[in-house]
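Written below as structure tokens is the structure these notes are about.
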Amino acid sequence: MPRFSVIVPAYKVQAYLGECLTSVLEQSYADLEVIAVDDRSPDACGAIIDELAARDPRVRPLHLPENVGLGRARNAGLELASGEYLLFLDGDDTLTPGALQGIADRLAATADPDVLVFDYARTYWTGRTARNQLAGLLTEDGPAPFRLDDRPALLSLLMVVWNKAYRRDFVERRGFTFPPGYYEDTPWTFPALLSADTVATLDRVCVHYRQRRQGSILGSTSVKHFDVFDQYDRVFAYLDAHPELSHWRRVLFERMVDHLATVFVRRGRLPRGSHAAFLRRARAHYRHHRVPGARTRPRHLLVRLGAHRAYRLLSLASRCARGAVRRGRAARRALAAAALRLHYRVQLRLPLRADRAVFTRDAGGAYGCNPAALEAAFRAVAPQIRTAWIARPEHCATLPAATRALRPGSAAYWTALARSTYLVHNADLDERMVKRPGQIVLQTGQGTPLKRVGLDLRDRPAVSRGTDFERMLRAADTWDYVVSANRHSTLVWERAFPAGYTTLEYGLPRDDILLTATSADVALLRRSLGVPDGAVAILYAPTYRDYCHGQRRALDLERFLDRLGPRFVLLARAHPSYGEPLIRTHGERLIDVSDHPSAEELCLAADVLITDYSALMFDYAHLDRPIVVYADDQEVYEATRGTCLDLRETPPGAIARDEDELIDIFETGHWCGSRSAHLRSRFRERFCPHDDGRAAERIVRRVLHGPNAWQPALVPLADRRPAPSDLAGRTDAPFPAVPRAGGPVPLVERL
């Protein structure tokens, strides 16, 4: 008996069905069966199902002799299901990677409840993804499992069948089936939640709910939307048959009225000329199922009165009122903006303050990266200079106590931009800013460039589409200094951003910590991240892909860890541009660190780095620890974004071109062998000439006191002592053997 039966009805979804079924079959949790129901689809759905069934015995095809609709197609699949739990997936939706493993883990942790409710995200045809706005209701805090009476707010979620897992014996015992017609989920999901003795939640996006441009049922115009009345009749008939659930009648009545109003007001659902008839039936349903004490909202009056023309008049009046409010707000915003512009013009006429310096990262981001290291150096080397940091409100808590916070767009913000002598940033300053004579702008960049940047992107239309190169060069014209880590960086910056600045080739300030941290610092960081004592920590940090919508899952992290063995731990860091983690569930060996504010601290905690085209490899090289490049899409990446450096000529370590090759590099010990150490040594000689832990100090002294300022002597590369790995001082093997698929192979080479 499989753990899961995933029932997938298919009708006119040939463009999406293959992706849907593949998203299930490629789950890391494989104890499942897929019951794919061809609802007599006139397109290629049946053939797609048969092709996948021929390749994977877990697919059980079912071809119906006639089209019966979504609900009855699911019923046909139910009759074949043999799994402990039932999941339903529409043929145009997909499971997210690792979803079934997350569901299985949560079911086990909550003693196999009758129903498990999990989250979803809408994926739009434009490429945009938006998580369910009520995701907070799925919190896993508190006792679990529970009854719905303990958390009635769950009824506010979208009442669909595919965001839940149902214990099959519970479904069979209760005799749940789907009715015919539209909105067939309603008479299933409400009774299932109300009747369940045990319910649990999973705070994880498990389904991508596709929002098709055309062709979805809810986007169609049809009299079948009148089926919603019959479906709610079935819901209340279930309550009548189960008096112990009568206390839910008021809640369901309010949900029904909201649903009827939604169907009416959504454009394109009801055919022209049918609105009055819909309202008449809605009014009859309101009166028939009305419960004393039910709340009355404005939308409820529409259903209660059934007044079509009155509703149109009220809607027009409401739109006019909302328009007036919006115009009032816009006027106030325009007035405030005008006042700020006047304030800025006044400040521009006042003298510069030689004792003020302003810093920012990513135009208002959290305290960190090169600007943060320079801000700390300003306070240490030149304490007479008062520093401020431009930060959006959510990032103000990351600032040191001695650093003033500036909210973008505030009066204090414009005052600081107008009168501070030193302006330090790593991206762009406000394009409305006017650089004054005497102001010094320091551009720190975001690391050693490996990806193409600036003017080097002009022949890459897939990446540079919409880029204003003229504006980019105007911004570069405001720079007085640009920080560079090495000669390669200097040449790329001067070619990609040609302007009259001075390049400060002193190393990267953010990397100072990699040379000054102690073994105690490393141990503390590892404990804070949850790395078990004695484990080998792998930092996996792929870069952004311009050619992909959303994150590209290039590596099966669970399989990779399983092959490496129990002593390895993986720290997964998504690129900050995605704004979401690489993984949804944490464990002792798979830890998502995407939200960690400091990439440098993650480098200190890791014993080995796996990356692709990320500048992080240049920072990590300062630690003289193993680096493995995982470049499985090199040709595509070169054709779209492109690189300004061929890693094959000077690699930082072993290079893998697919997942099996990456696993082999670890199984054979090549990742930490003498060959990798030799490659890393050459890489460090080329790209790490200046970083000895005092780059920030040298830059601050140069900017404040000129080219003849005293500078601390540079420590030669051979004499530097970067922060040691947590395993460096252990008496046992610092890097354990990795068992190969055919048997154990001990490592004979060490760093």
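Identifiers for the structure tokens are assigned positionally: chains receive A, B, ... in sequence, residues are indexed from 1 per chain, and ligands are indexed from 1 in the order shown.
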Worksheet entry | Which of stretch 129-216 of chain A fall in strand (DSSP E), as a PyMOL selection string | chain A and resi 129-131+164-167+199-211
Quick one: write out the picked residues with C-alpha atoms as a tab-separated table (two decimals), in the first residue's frame?
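Output below, filename again-v6.tsv:
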chain	number	residue	atom	x	y	z
A	129	THR	CA	4.17	34.07	-8.18
A	130	ALA	CA	2.12	35.11	-5.14
A	131	ARG	CA	1.68	33.09	-1.97
A	164	LYS	CA	-5.34	19.18	1.71
A	165	ALA	CA	-4.34	15.56	2.28
A	166	TYR	CA	-7.12	13.19	3.43
A	167	ARG	CA	-6.74	9.88	5.23
A	199	VAL	CA	-6.78	18.17	11.71
A	200	ALA	CA	-3.24	19.49	11.26
A	201	THR	CA	-1.59	22.27	9.23
A	202	LEU	CA	1.61	22.53	7.24
A	203	ASP	CA	3.06	26.00	6.76
A	204	ARG	CA	4.62	25.27	3.40
A	205	VAL	CA	3.73	25.98	-0.23
A	206	CYS	CA	3.07	22.53	-1.68
A	207	VAL	CA	1.02	23.41	-4.77
A	208	HIS	CA	1.53	25.95	-7.52
A	209	TYR	CA	-1.98	26.98	-8.52
A	210	ARG	CA	-1.72	28.01	-12.16
A	211	GLN	CA	-3.60	31.16	-13.16
Item to complete: Would you kindly return, as JSON, numbers by chain, each protein, DNA or RNA residue with an atom no farther than 9 Å from any atom of A:Glu558, considering only C-alpha atoms and excluding same-chain residues fewer than 3 positions away?
Response: {"A": [28, 98, 555, 561, 562, 563, 590]}
Practice prompt. Please provide the set of residues having any atom within 12 Å of A:Gln133, restricted to only C-alpha atoms, with same-chain residues fewer than 3 positions apart removed, written as a list of chain:residue names.
Written response: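 Non-adjacent residues within range: A:Asp119, A:Tyr120, A:Ala121, A:Arg122, A:Thr129, A:Ala130, A:Gly136, A:Leu137, A:Leu138, A:Ser156, A:Leu157, A:Leu158, A:Val205.
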Emit the selected residues as a PDB file, in the first residue's frame, including N, CA, C and O atoms.
ATOM      1  N   ASP A 119      -0.279  24.819   2.235  1.00  0.00           N
ATOM      2  CA  ASP A 119      -0.409  26.103   1.547  1.00  0.00           C
ATOM      3  C   ASP A 119      -0.162  25.955   0.043  1.00  0.00           C
ATOM      4  O   ASP A 119       0.322  24.930  -0.434  1.00  0.00           O
ATOM      5  N   TYR A 120      -0.465  27.018  -0.658  1.00  0.00           N
ATOM      6  CA  TYR A 120      -0.298  27.059  -2.104  1.00  0.00           C
ATOM      7  C   TYR A 120       0.136  28.460  -2.513  1.00  0.00           C
ATOM      8  O   TYR A 120       0.084  29.408  -1.724  1.00  0.00           O
ATOM      9  N   ALA A 121       0.578  28.582  -3.736  1.00  0.00           N
ATOM     10  CA  ALA A 121       0.922  29.885  -4.312  1.00  0.00           C
ATOM     11  C   ALA A 121       0.329  29.954  -5.714  1.00  0.00           C
ATOM     12  O   ALA A 121       0.330  28.965  -6.452  1.00  0.00           O
ATOM     13  N   ARG A 122      -0.188  31.110  -6.054  1.00  0.00           N
ATOM     14  CA  ARG A 122      -0.707  31.322  -7.406  1.00  0.00           C
ATOM     15  C   ARG A 122       0.461  31.642  -8.332  1.00  0.00           C
ATOM     16  O   ARG A 122       1.284  32.508  -8.028  1.00  0.00           O
ATOM     17  N   THR A 129       4.640  35.038  -9.162  1.00  0.00           N
ATOM     18  CA  THR A 129       4.167  34.070  -8.179  1.00  0.00           C
ATOM     19  C   THR A 129       3.764  34.806  -6.916  1.00  0.00           C
ATOM     20  O   THR A 129       4.479  35.704  -6.457  1.00  0.00           O
ATOM     21  N   ALA A 130       2.607  34.453  -6.359  1.00  0.00           N
ATOM     22  CA  ALA A 130       2.117  35.110  -5.141  1.00  0.00           C
ATOM     23  C   ALA A 130       1.589  34.051  -4.186  1.00  0.00           C
ATOM     24  O   ALA A 130       0.712  33.262  -4.538  1.00  0.00           O
ATOM     25  N   GLY A 136      -0.784  32.861   7.112  1.00  0.00           N
ATOM     26  CA  GLY A 136      -0.589  32.917   8.559  1.00  0.00           C
ATOM     27  C   GLY A 136      -1.512  31.997   9.329  1.00  0.00           C
ATOM     28  O   GLY A 136      -1.210  31.616  10.473  1.00  0.00           O
ATOM     29  N   LEU A 137      -2.643  31.616   8.729  1.00  0.00           N
ATOM     30  CA  LEU A 137      -3.576  30.710   9.409  1.00  0.00           C
ATOM     31  C   LEU A 137      -3.027  29.288   9.489  1.00  0.00           C
ATOM     32  O   LEU A 137      -3.556  28.464  10.248  1.00  0.00           O
ATOM     33  N   LEU A 138      -1.990  29.002   8.715  1.00  0.00           N
ATOM     34  CA  LEU A 138      -1.445  27.643   8.678  1.00  0.00           C
ATOM     35  C   LEU A 138      -0.268  27.455   9.627  1.00  0.00           C
ATOM     36  O   LEU A 138       0.492  26.499   9.496  1.00  0.00           O
ATOM     37  N   SER A 156     -11.686  30.168   6.666  1.00  0.00           N
ATOM     38  CA  SER A 156     -11.495  31.362   5.841  1.00  0.00           C
ATOM     39  C   SER A 156     -10.607  31.086   4.636  1.00  0.00           C
ATOM     40  O   SER A 156     -10.551  31.903   3.714  1.00  0.00           O
ATOM     41  N   LEU A 157      -9.897  29.953   4.653  1.00  0.00           N
ATOM     42  CA  LEU A 157      -9.027  29.612   3.533  1.00  0.00           C
ATOM     43  C   LEU A 157      -9.851  29.262   2.301  1.00  0.00           C
ATOM     44  O   LEU A 157     -11.047  28.984   2.383  1.00  0.00           O
ATOM     45  N   LEU A 158      -9.193  29.251   1.161  1.00  0.00           N
ATOM     46  CA  LEU A 158      -9.844  28.855  -0.073  1.00  0.00           C
ATOM     47  C   LEU A 158     -10.328  27.411   0.058  1.00  0.00           C
ATOM     48  O   LEU A 158      -9.552  26.498   0.335  1.00  0.00           O
ATOM     49  N   VAL A 205       4.365  25.972   1.087  1.00  0.00           N
ATOM     50  CA  VAL A 205       3.731  25.978  -0.231  1.00  0.00           C
ATOM     51  C   VAL A 205       4.000  24.631  -0.897  1.00  0.00           C
ATOM     52  O   VAL A 205       5.137  24.297  -1.217  1.00  0.00           O
TER      53      VAL A 205
END
So that I can check the surroundings of stretch 420-428 of chain A, please list as a PDB file with C-alpha atoms, in the first residue's frame every protein, DNA and RNA residue that reaches within 8 Å of it, counting only C-alpha atoms and ignoring chain neighbours fewer than 5 positions away.
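Contents of result10.pdb, freshly written:
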ATOM      1  CA  LEU A 352      28.647  70.716   3.247  1.00  0.00           C
ATOM      2  CA  ARG A 353      29.414  69.030   6.539  1.00  0.00           C
ATOM      3  CA  ALA A 354      32.927  67.588   6.489  1.00  0.00           C
ATOM      4  CA  ASP A 355      32.147  65.422   9.519  1.00  0.00           C
ATOM      5  CA  ARG A 356      29.209  63.510   7.967  1.00  0.00           C
ATOM      6  CA  ALA A 357      29.197  60.270   5.998  1.00  0.00           C
ATOM      7  CA  VAL A 358      26.190  58.401   4.605  1.00  0.00           C
ATOM      8  CA  PHE A 359      26.183  54.685   3.741  1.00  0.00           C
ATOM      9  CA  THR A 360      23.684  52.350   2.118  1.00  0.00           C
ATOM     10  CA  ARG A 361      23.467  48.878   0.693  1.00  0.00           C
ATOM     11  CA  ASP A 362      21.107  47.893  -2.111  1.00  0.00           C
ATOM     12  CA  ALA A 363      19.350  51.288  -1.928  1.00  0.00           C
ATOM     13  CA  ASN A 370      31.198  46.406   1.772  1.00  0.00           C
ATOM     14  CA  PRO A 371      29.396  49.593   2.886  1.00  0.00           C
ATOM     15  CA  GLY A 438      33.199  68.726  -2.685  1.00  0.00           C
ATOM     16  CA  GLN A 439      31.080  65.637  -2.172  1.00  0.00           C
ATOM     17  CA  ILE A 440      32.942  62.330  -2.418  1.00  0.00           C
ATOM     18  CA  VAL A 441      31.031  59.303  -3.724  1.00  0.00           C
ATOM     19  CA  LEU A 442      32.538  55.878  -3.112  1.00  0.00           C
ATOM     20  CA  GLN A 443      31.143  52.932  -5.102  1.00  0.00           C
ATOM     21  CA  THR A 444      32.043  49.633  -3.426  1.00  0.00           C
ATOM     22  CA  GLY A 445      30.468  47.190  -5.874  1.00  0.00           C
ATOM     23  CA  GLN A 446      29.149  43.788  -4.836  1.00  0.00           C
ATOM     24  CA  ALA A 475      25.446  57.455 -12.275  1.00  0.00           C
TER      25      ALA A 475
END
Fill in: Residue neighbourhood A:Gly71, 9 Å, only C-alpha atoms, exclusion window fewer than 5 positions, as number ranges by chain
A: 9, 76, 177-185
Discussion item. Would you compute the distance between atom CA of A:Asp105 and atom CA of A:Val593? Give it in Å to one decimal.
Written reply: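 These atoms are spaced 20.5 Å apart.
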Discussion item. Between atom CA of A:Phe236 and atom CA of A:Glu79, what is the distance in Å, rounded to a tenth?
Written reply: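 According to the coordinates, atom CA of A:Phe236 and atom CA of A:Glu79 are separated by 25.7 Å.
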Worksheet entry | Filtered DSSP result for stretch 265-455 of chain A, state helix (DSSP H, G or I), as a PyMOL selection string | chain A and resi 265+275-289+298-305+308-348+369-381+393-398+411-419+454-455
Select from stretch 380-423 of chain A every residue with an atom at most 12 Å from any atom of stretch 690-699 of chain A, then for each give the shortest pair of atoms and their distance in Å to one decimal, using only C-alpha atoms, rows by chain and rising number, as a tab-separated table.
residue	atom	partner	partner_atom	distance
A:Ala380	CA	A:Glu697	CA	8.6
A:Val381	CA	A:Glu697	CA	7.0
A:Ala382	CA	A:Glu697	CA	10.0
Item to complete: Identify which of the residues A:Arg641, A:Arg341, A:Arg680, A:Arg332 lies closest to A:Gly653, counting only C-alpha atoms when measuring atom-to-atom distances.
Response: A:Arg680
Worksheet entry | Atomic separation - atom CA of A:Gly293 relative to atom CA of A:Met256, Å | 15.1 Å
Worksheet item: Near stretch 80-86 of chain A, counting only C-alpha atoms, which residues have an atom at most 12 Å away, once you skip same-chain residues fewer than 5 positions from it, shown as a PyMOL selection string?
Response: chain A and resi 1-8+31-37+58-62+73-75+100+103-104+107+112-116+161-172
